[in-house]
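Source file run-v3.csv; content: CSV, C-alpha atoms.
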```
chain,number,residue,atom,x,y,z
A,966,GLN,CA,130.3,103.2,120.0
A,967,LYS,CA,126.8,104.4,120.9
A,968,GLU,CA,124.3,102.0,122.4
A,969,VAL,CA,121.8,102.9,119.7
A,970,GLU,CA,122.7,103.9,116.1
A,971,GLN,CA,120.3,105.5,113.8
A,972,ASP,CA,121.0,107.1,110.4
A,973,PRO,CA,120.1,110.8,110.8
A,974,GLY,CA,119.3,111.2,107.1
A,975,PRO,CA,117.8,113.5,105.9
A,976,LEU,CA,115.5,111.1,103.9
A,977,SER,CA,113.4,112.6,101.1
A,978,VAL,CA,110.8,110.5,99.4
A,979,PRO,CA,107.8,111.2,97.0
A,980,GLU,CA,104.3,111.0,98.3
A,981,GLY,CA,103.0,107.4,98.3
A,982,ALA,CA,106.4,105.8,98.7
A,983,ILE,CA,107.2,103.1,101.3
A,984,VAL,CA,109.6,104.4,103.9
A,985,SER,CA,112.0,102.2,105.9
A,986,LEU,CA,113.6,103.6,109.0
A,987,ASN,CA,116.2,101.6,111.0
A,988,CYS,CA,118.1,101.4,114.2
A,989,THR,CA,120.8,99.0,115.4
A,990,TYR,CA,121.7,98.5,119.1
A,991,SER,CA,124.5,96.8,121.0
A,992,ASN,CA,122.9,96.1,124.4
A,993,SER,CA,121.3,92.7,124.5
A,994,ALA,CA,119.4,93.6,127.7
A,995,PHE,CA,117.0,95.9,125.7
A,996,GLN,CA,113.5,94.4,125.8
A,997,TYR,CA,111.1,97.2,124.9
A,998,PHE,CA,111.3,99.1,121.7
A,999,MET,CA,109.6,102.3,120.7
A,1000,TRP,CA,109.2,104.6,117.8
A,1001,TYR,CA,108.4,108.3,118.3
A,1002,ARG,CA,107.5,110.9,115.8
A,1003,GLN,CA,108.6,114.5,116.5
A,1004,TYR,CA,107.3,117.4,114.6
A,1005,SER,CA,109.3,120.7,114.6
A,1006,ARG,CA,109.0,122.5,117.9
A,1007,LYS,CA,106.8,119.7,119.4
A,1008,GLY,CA,107.4,117.0,122.0
A,1009,PRO,CA,107.9,113.3,120.8
A,1010,GLU,CA,104.7,111.5,120.1
A,1011,LEU,CA,104.6,107.7,120.7
A,1012,LEU,CA,103.9,105.9,117.4
A,1013,MET,CA,104.6,102.3,118.0
A,1014,TYR,CA,105.7,100.1,121.0
A,1015,THR,CA,106.8,96.5,120.7
A,1016,TYR,CA,108.2,93.9,123.1
A,1017,SER,CA,110.3,91.0,121.8
A,1018,SER,CA,111.0,90.0,118.3
A,1019,GLY,CA,108.4,90.1,115.5
A,1020,ASN,CA,106.2,92.5,113.7
A,1021,LYS,CA,103.5,94.9,114.9
A,1022,GLU,CA,101.1,96.7,112.5
A,1023,ASP,CA,99.1,99.8,113.1
A,1024,GLY,CA,97.4,101.3,110.1
A,1025,ARG,CA,100.2,102.5,107.7
A,1026,PHE,CA,102.9,101.8,110.2
A,1027,THR,CA,104.7,98.5,110.8
A,1028,ALA,CA,107.3,98.0,113.5
A,1029,GLN,CA,109.7,95.1,113.2
A,1030,VAL,CA,112.2,93.8,115.8
A,1031,ASP,CA,114.9,91.3,115.2
A,1032,LYS,CA,116.6,90.7,118.5
A,1033,SER,CA,119.1,88.1,117.1
A,1034,SER,CA,120.5,90.8,114.8
A,1035,LYS,CA,119.9,93.7,117.3
A,1036,TYR,CA,118.0,95.5,114.6
A,1037,ILE,CA,114.6,97.3,114.6
A,1038,SER,CA,112.7,98.9,111.7
A,1039,LEU,CA,109.7,101.1,111.1
A,1040,PHE,CA,108.0,100.9,107.8
A,1041,ILE,CA,105.6,103.6,106.6
A,1042,ARG,CA,103.3,102.6,103.7
A,1043,ASP,CA,101.7,105.2,101.4
A,1044,SER,CA,103.7,108.0,102.9
A,1045,GLN,CA,102.0,111.4,103.1
A,1046,PRO,CA,103.4,114.9,103.4
A,1047,SER,CA,102.0,115.0,106.9
A,1048,ASP,CA,104.5,112.2,107.8
A,1049,SER,CA,107.3,114.7,107.4
A,1050,ALA,CA,109.0,114.8,110.8
A,1051,THR,CA,111.9,113.4,112.8
A,1052,TYR,CA,111.5,109.7,113.8
A,1053,LEU,CA,113.3,108.6,116.9
A,1054,CYS,CA,113.8,105.0,117.9
A,1055,ALA,CA,114.1,104.3,121.6
A,1056,MET,CA,114.6,101.2,123.8
A,1057,THR,CA,114.9,100.2,127.4
A,1058,PRO,CA,115.7,97.1,129.4
A,1059,GLY,CA,112.3,97.7,131.1
A,1060,ASN,CA,113.4,97.7,134.8
A,1061,THR,CA,114.6,101.2,135.2
A,1062,GLY,CA,112.4,103.1,132.8
A,1063,LYS,CA,115.5,104.7,131.3
A,1064,LEU,CA,115.0,105.2,127.5
A,1065,ILE,CA,118.0,105.2,125.2
A,1066,PHE,CA,117.3,107.1,122.0
A,1067,GLY,CA,118.8,107.0,118.6
A,1068,GLN,CA,119.9,110.2,116.9
A,1069,GLY,CA,116.6,110.5,115.0
A,1070,THR,CA,116.0,110.4,111.2
A,1071,THR,CA,114.5,113.4,109.5
A,1072,LEU,CA,112.0,112.4,106.9
A,1073,GLN,CA,110.5,114.7,104.2
A,1074,VAL,CA,107.6,113.4,102.0
A,1075,LYS,CA,107.2,115.6,98.9
A,1076,PRO,CA,103.8,116.0,97.4
B,919,SER,CA,98.3,107.3,127.2
B,920,ALA,CA,98.8,110.5,129.3
B,921,VAL,CA,98.1,114.2,128.9
B,922,ILE,CA,101.1,116.2,130.0
B,923,SER,CA,101.6,119.9,130.2
B,924,GLN,CA,104.7,122.0,130.7
B,925,LYS,CA,105.2,125.6,131.7
B,926,PRO,CA,106.7,127.7,130.4
B,927,SER,CA,106.6,126.6,126.7
B,928,ARG,CA,109.6,128.8,126.0
B,929,ASP,CA,111.8,131.4,127.7
B,930,ILE,CA,114.8,133.6,127.0
B,931,CYS,CA,117.0,134.0,130.0
B,932,GLN,CA,120.2,135.8,130.9
B,933,ARG,CA,123.3,133.9,131.9
B,934,GLY,CA,123.8,133.3,135.6
B,935,THR,CA,120.0,133.2,136.3
B,936,SER,CA,117.8,130.2,137.0
B,937,LEU,CA,114.6,128.9,135.5
B,938,THR,CA,112.1,126.5,137.0
B,939,ILE,CA,110.1,124.3,134.6
B,940,GLN,CA,106.8,122.7,135.7
B,941,CYS,CA,105.4,119.4,134.5
B,942,GLN,CA,101.8,118.4,135.2
B,943,VAL,CA,100.2,115.1,134.4
B,944,ASP,CA,96.4,114.4,134.1
B,945,SER,CA,96.5,111.4,136.4
B,946,GLN,CA,98.8,109.8,139.0
B,947,VAL,CA,102.0,108.1,137.7
B,948,THR,CA,104.8,106.5,139.6
B,949,MET,CA,107.7,107.3,137.2
B,950,MET,CA,108.4,110.8,135.9
B,951,PHE,CA,111.6,111.7,133.9
B,952,TRP,CA,113.3,114.8,132.7
B,953,TYR,CA,115.2,114.9,129.3
B,954,ARG,CA,117.3,117.4,127.5
B,955,GLN,CA,117.3,117.8,123.7
B,956,GLN,CA,120.1,120.0,122.5
B,957,PRO,CA,119.7,121.7,119.1
B,958,GLY,CA,119.7,119.2,116.3
B,959,GLN,CA,120.3,116.3,118.8
B,960,SER,CA,118.4,113.4,120.2
B,961,LEU,CA,117.1,113.1,123.8
B,962,THR,CA,119.3,112.6,126.8
B,963,LEU,CA,117.9,111.6,130.2
B,964,ILE,CA,118.8,114.1,132.9
B,965,ALA,CA,117.2,112.3,135.9
B,966,THR,CA,114.3,110.2,137.2
B,967,ALA,CA,112.0,112.2,139.5
B,968,ASN,CA,111.1,110.1,142.5
B,969,GLN,CA,108.1,110.9,144.6
B,970,GLY,CA,109.0,111.4,148.2
B,971,SER,CA,112.8,111.0,147.7
B,972,GLU,CA,115.7,112.6,145.9
B,973,ALA,CA,115.9,112.4,142.1
B,974,THR,CA,118.2,109.9,140.5
B,975,TYR,CA,120.6,111.7,138.2
B,976,GLU,CA,122.4,110.3,135.1
B,977,SER,CA,126.1,110.5,134.6
B,978,GLY,CA,127.1,114.1,133.7
B,979,PHE,CA,124.1,115.7,135.5
B,980,VAL,CA,124.2,116.9,139.1
B,981,ILE,CA,121.7,118.1,141.6
B,982,ASP,CA,123.3,121.5,142.1
B,983,LYS,CA,122.8,122.3,138.5
B,984,PHE,CA,119.4,120.6,137.9
B,985,PRO,CA,117.5,120.4,141.2
B,986,ILE,CA,114.3,118.5,140.8
B,987,SER,CA,111.2,118.3,143.0
B,988,ARG,CA,108.4,115.7,142.9
B,989,PRO,CA,105.9,116.7,145.6
B,990,ASN,CA,103.1,114.4,144.5
B,991,LEU,CA,102.3,111.8,141.8
B,992,THR,CA,101.1,114.3,139.2
B,993,PHE,CA,103.6,117.1,139.4
B,994,SER,CA,107.3,117.7,139.1
B,995,THR,CA,109.7,120.7,138.6
B,996,LEU,CA,113.1,120.9,137.0
B,997,THR,CA,115.3,124.0,137.8
B,998,VAL,CA,118.2,124.9,135.5
B,999,SER,CA,120.5,126.8,137.7
B,1000,ASN,CA,123.2,129.4,137.0
B,1001,MET,CA,122.5,129.2,133.3
B,1002,SER,CA,125.1,129.5,130.5
B,1003,PRO,CA,124.5,129.6,126.7
B,1004,GLU,CA,125.4,125.9,126.7
B,1005,ASP,CA,122.1,125.2,128.6
B,1006,SER,CA,120.1,126.4,125.6
B,1007,SER,CA,118.0,123.3,124.8
B,1008,ILE,CA,114.6,121.8,124.8
B,1009,TYR,CA,113.7,120.4,128.2
B,1010,LEU,CA,111.1,117.6,128.2
B,1011,CYS,CA,109.3,115.7,130.9
B,1012,SER,CA,107.9,112.3,130.4
B,1013,VAL,CA,105.9,109.8,132.4
B,1014,GLY,CA,106.2,106.0,132.5
B,1015,ARG,CA,103.1,104.0,131.8
B,1016,ASP,CA,102.3,100.6,130.2
B,1017,ASP,CA,106.1,99.8,129.9
B,1018,THR,CA,106.6,102.9,127.7
B,1019,GLN,CA,106.9,106.7,128.1
B,1020,TYR,CA,104.8,109.6,127.0
B,1021,PHE,CA,106.3,113.1,126.6
B,1022,GLY,CA,105.2,116.6,127.3
B,1023,PRO,CA,105.4,119.3,124.7
B,1024,GLY,CA,108.7,120.6,126.0
B,1025,THR,CA,110.2,123.9,127.2
B,1026,ARG,CA,112.4,125.7,124.7
B,1027,LEU,CA,115.1,127.6,126.6
B,1028,THR,CA,117.5,130.1,125.1
B,1029,VAL,CA,120.2,131.5,127.3
B,1030,LEU,CA,121.9,134.7,126.2
```
Once you've parsed the file, please lay out its structure as structure tokens.
Amino acid sequence: QKEVEQDPGPLSVPEGAIVSLNCTYSNSAFQYFMWYRQYSRKGPELLMYTYSSGNKEDGRFTAQVDKSSKYISLFIRDSQPSDSATYLCAMTPGNTGKLIFGQGTTLQVKP
Amino acid sequence: SAVISQKPSRDICQRGTSLTIQCQVDSQVTMMFWYRQQPGQSLTLIATANQGSEATYESGFVIDKFPISRPNLTFSTLTVSNMSPEDSSIYLCSVGRDDTQYFGPGTRLTVL
């Protein structure tokens, strides 16, 4: 079993839809949780970063962490074609700096 | 955040040769990392580049194959040695800051 599980998709939605991306994990030592967006042929770009359970909002993006269920989510409201990319969840215990990544979910937002 | 550059951005190499990838950061950082992203896959940590000491390698990666240098707090290199087609990947450096990591644009390597 992988430490971090993420549905690879692909996920296709119409423009304006609400998108929900999810990851589950098995290591209870994970304390810091991140979402990265990666466009084709580009490096990962940090979107959201959260520590501990709860919600964090930044514009159209909301990151949610539920440590009791070992489950994290990223919600994208009013999705745009420019949101079409691969979204990677990542997490770390925080003391080594080592990030463990999910497989990435490919999202396509159709105009 | 951090501004990170990598050279080269891409290369095509013959098997058996070596390629050195450079990573430059716009300001001093303590932690630098090297990742590999194989085609259609997620990122896997190769090693942590430690300034002034040997790199710390993850399971499955060895110094003879992926020697790393970290001469100062803004620069690191990763060499992919004795390359085979299985080394065809994107190689990414990242820096640790504010309890998270920022990534460079990556080096796309194709080995023929």
ask   = Expressed in Å to a single decimal, how great is the separation between atom CA of Ser985 of chain A and atom CA of Ser1017 of chain A?
value =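 Separating atom CA of Ser985 of chain A from atom CA of Ser1017 of chain A is a distance of 19.5 Å.
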Interface residues on chain A facing chain B, 8 Å, only C-alpha atoms, written as a PyMOL selection string = chain A and resi 997+999+1007-1011+1014+1053+1059+1062-1069
message = Given the point (111.4, 132.1, 139.1) in the coordinates of this file, which residues lie within 12 Å, counting all atoms listed in the file, and how would they look as a list in words?
response =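 Taken together, the residues in range are Lys925, Pro926, Asp929, Cys931, Thr935, Ser936, Leu937, Thr938, Ile939, Gln940, Thr995, Leu996, Thr997, Val998 and Ser999 of chain B.
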query = How many Å lie between atom CA of Phe995 of chain A and atom CA of Gln1029 of chain A, rounded to one decimal?
reply =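 Rounded to one decimal, the two atoms are 14.5 Å apart.
For the pair atom CA of Val1074 of chain A and atom CA of Ser1038 of chain A, the separation is 18.2 Å.
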Of the listed residues A:Ala1050, A:Tyr1036, A:Arg1025, A:Val969, that which approaches Ala982 of chain A most closely, counting only C-alpha atoms =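 Among A:Ala1050, A:Tyr1036, A:Arg1025, A:Val969, it is A:Arg1025 that comes nearest to Ala982 of chain A.
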Show me, as a PDB file with C-alpha atoms, keeping the file's coordinate frame, the residues that have an atom within 8 Å of Thr992 of chain B when counting all atoms listed in the file, minus same-chain residues fewer than 3 positions from it.
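result_12.pdb written:
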```pdb
ATOM      1  CA  GLN B 942     101.800 118.400 135.200  1.00  0.00           C
ATOM      2  CA  VAL B 943     100.200 115.100 134.400  1.00  0.00           C
ATOM      3  CA  ASP B 944      96.400 114.400 134.100  1.00  0.00           C
ATOM      4  CA  SER B 945      96.500 111.400 136.400  1.00  0.00           C
ATOM      5  CA  GLN B 946      98.800 109.800 139.000  1.00  0.00           C
ATOM      6  CA  VAL B 947     102.000 108.100 137.700  1.00  0.00           C
TER       7      VAL B 947
END
```
inquiry  = I want to know what sits within 10 Å of Asn968 of chain B, based on all atoms listed in the file, with residues of the same chain fewer than 5 positions away left out; could you give that as an MDAnalysis selection string?
reply    = chainID B and resid 948:951 973:974 986:991 994
Take the point (107.8, 112.5, 116.6) as written in the file and pick out every residue within 6 Å of it, counting only C-alpha atoms; give the list as a compact mmCIF listing (two decimals) with C-alpha atoms, keeping the file's coordinate frame.
```txt
# COMPACT_ATOMS: atom_id res chain seq x y z
CA TYR A 1001 108.40 108.30 118.30
CA ARG A 1002 107.50 110.90 115.80
CA GLN A 1003 108.60 114.50 116.50
CA TYR A 1004 107.30 117.40 114.60
CA PRO A 1009 107.90 113.30 120.80
CA GLU A 1010 104.70 111.50 120.10
CA THR A 1051 111.90 113.40 112.80
CA TYR A 1052 111.50 109.70 113.80
```
If I only have part of segment 979-1002 of chain A, can you fill in N, CA, C and O atoms and write it as a tab-separated table (two decimals), keeping the file's coordinate frame?
```
chain	number	residue	atom	x	y	z
A	979	PRO	N	109.07	110.65	97.61
A	979	PRO	CA	107.80	111.20	97.00
A	979	PRO	C	106.61	110.65	97.77
A	979	PRO	O	106.66	109.56	98.37
A	980	GLU	N	105.54	111.39	97.73
A	980	GLU	CA	104.30	111.00	98.30
A	980	GLU	C	103.89	109.59	97.79
A	980	GLU	O	104.01	109.33	96.60
A	981	GLY	N	103.43	108.71	98.69
A	981	GLY	CA	103.00	107.40	98.30
A	981	GLY	C	104.09	106.32	98.40
A	981	GLY	O	103.81	105.12	98.31
A	982	ALA	N	105.32	106.74	98.63
A	982	ALA	CA	106.40	105.80	98.70
A	982	ALA	C	106.36	105.00	100.04
A	982	ALA	O	105.72	105.41	101.01
A	983	ILE	N	107.04	103.86	100.04
A	983	ILE	CA	107.20	103.10	101.30
A	983	ILE	C	108.55	103.56	101.90
A	983	ILE	O	109.58	103.59	101.25
A	984	VAL	N	108.48	103.90	103.18
A	984	VAL	CA	109.60	104.40	103.90
A	984	VAL	C	110.12	103.34	104.87
A	984	VAL	O	109.30	102.71	105.56
A	985	SER	N	111.41	103.16	104.94
A	985	SER	CA	112.00	102.20	105.90
A	985	SER	C	113.00	102.99	106.77
A	985	SER	O	113.94	103.61	106.28
A	986	LEU	N	112.75	102.96	108.06
A	986	LEU	CA	113.60	103.60	109.00
A	986	LEU	C	114.20	102.53	109.93
A	986	LEU	O	113.49	101.60	110.32
A	987	ASN	N	115.49	102.66	110.27
A	987	ASN	CA	116.20	101.60	111.00
A	987	ASN	C	117.02	102.03	112.11
A	987	ASN	O	117.55	103.15	112.10
A	988	CYS	N	117.18	101.15	113.10
A	988	CYS	CA	118.10	101.40	114.20
A	988	CYS	C	118.80	100.06	114.54
A	988	CYS	O	118.19	98.99	114.45
A	989	THR	N	120.05	100.16	114.92
A	989	THR	CA	120.80	99.00	115.40
A	989	THR	C	121.18	99.33	116.88
A	989	THR	O	121.30	100.50	117.27
A	990	TYR	N	121.36	98.29	117.67
A	990	TYR	CA	121.70	98.50	119.10
A	990	TYR	C	122.74	97.43	119.49
A	990	TYR	O	122.89	96.39	118.85
A	991	SER	N	123.42	97.73	120.59
A	991	SER	CA	124.50	96.80	121.00
A	991	SER	C	124.15	96.11	122.35
A	991	SER	O	124.74	95.07	122.64
A	992	ASN	N	123.21	96.64	123.13
A	992	ASN	CA	122.90	96.10	124.40
A	992	ASN	C	121.83	95.03	124.35
A	992	ASN	O	120.66	95.32	124.09
A	993	SER	N	122.20	93.79	124.60
A	993	SER	CA	121.30	92.70	124.50
A	993	SER	C	120.21	92.69	125.59
A	993	SER	O	119.25	91.92	125.55
A	994	ALA	N	120.36	93.57	126.59
A	994	ALA	CA	119.40	93.60	127.70
A	994	ALA	C	118.12	94.41	127.27
A	994	ALA	O	117.10	94.34	127.96
A	995	PHE	N	118.17	95.14	126.17
A	995	PHE	CA	117.00	95.90	125.70
A	995	PHE	C	115.84	94.92	125.41
A	995	PHE	O	116.01	93.96	124.68
A	996	GLN	N	114.67	95.23	125.99
A	996	GLN	CA	113.50	94.40	125.80
A	996	GLN	C	112.32	95.08	125.19
A	996	GLN	O	111.46	94.44	124.59
A	997	TYR	N	112.23	96.39	125.40
A	997	TYR	CA	111.10	97.20	124.90
A	997	TYR	C	111.60	98.17	123.89
A	997	TYR	O	112.60	98.85	124.12
A	998	PHE	N	110.88	98.28	122.78
A	998	PHE	CA	111.30	99.10	121.70
A	998	PHE	C	110.21	100.01	121.21
A	998	PHE	O	109.06	99.59	121.07
A	999	MET	N	110.56	101.26	121.00
A	999	MET	CA	109.60	102.30	120.70
A	999	MET	C	110.00	103.10	119.48
A	999	MET	O	111.21	103.26	119.22
A	1000	TRP	N	109.01	103.62	118.79
A	1000	TRP	CA	109.20	104.60	117.80
A	1000	TRP	C	108.42	105.86	118.11
A	1000	TRP	O	107.22	105.76	118.40
A	1001	TYR	N	109.10	107.00	118.08
A	1001	TYR	CA	108.40	108.30	118.30
A	1001	TYR	C	108.53	109.13	117.08
A	1001	TYR	O	109.51	109.07	116.33
A	1002	ARG	N	107.53	109.95	116.89
A	1002	ARG	CA	107.50	110.90	115.80
A	1002	ARG	C	107.58	112.32	116.48
A	1002	ARG	O	106.82	112.59	117.41
```
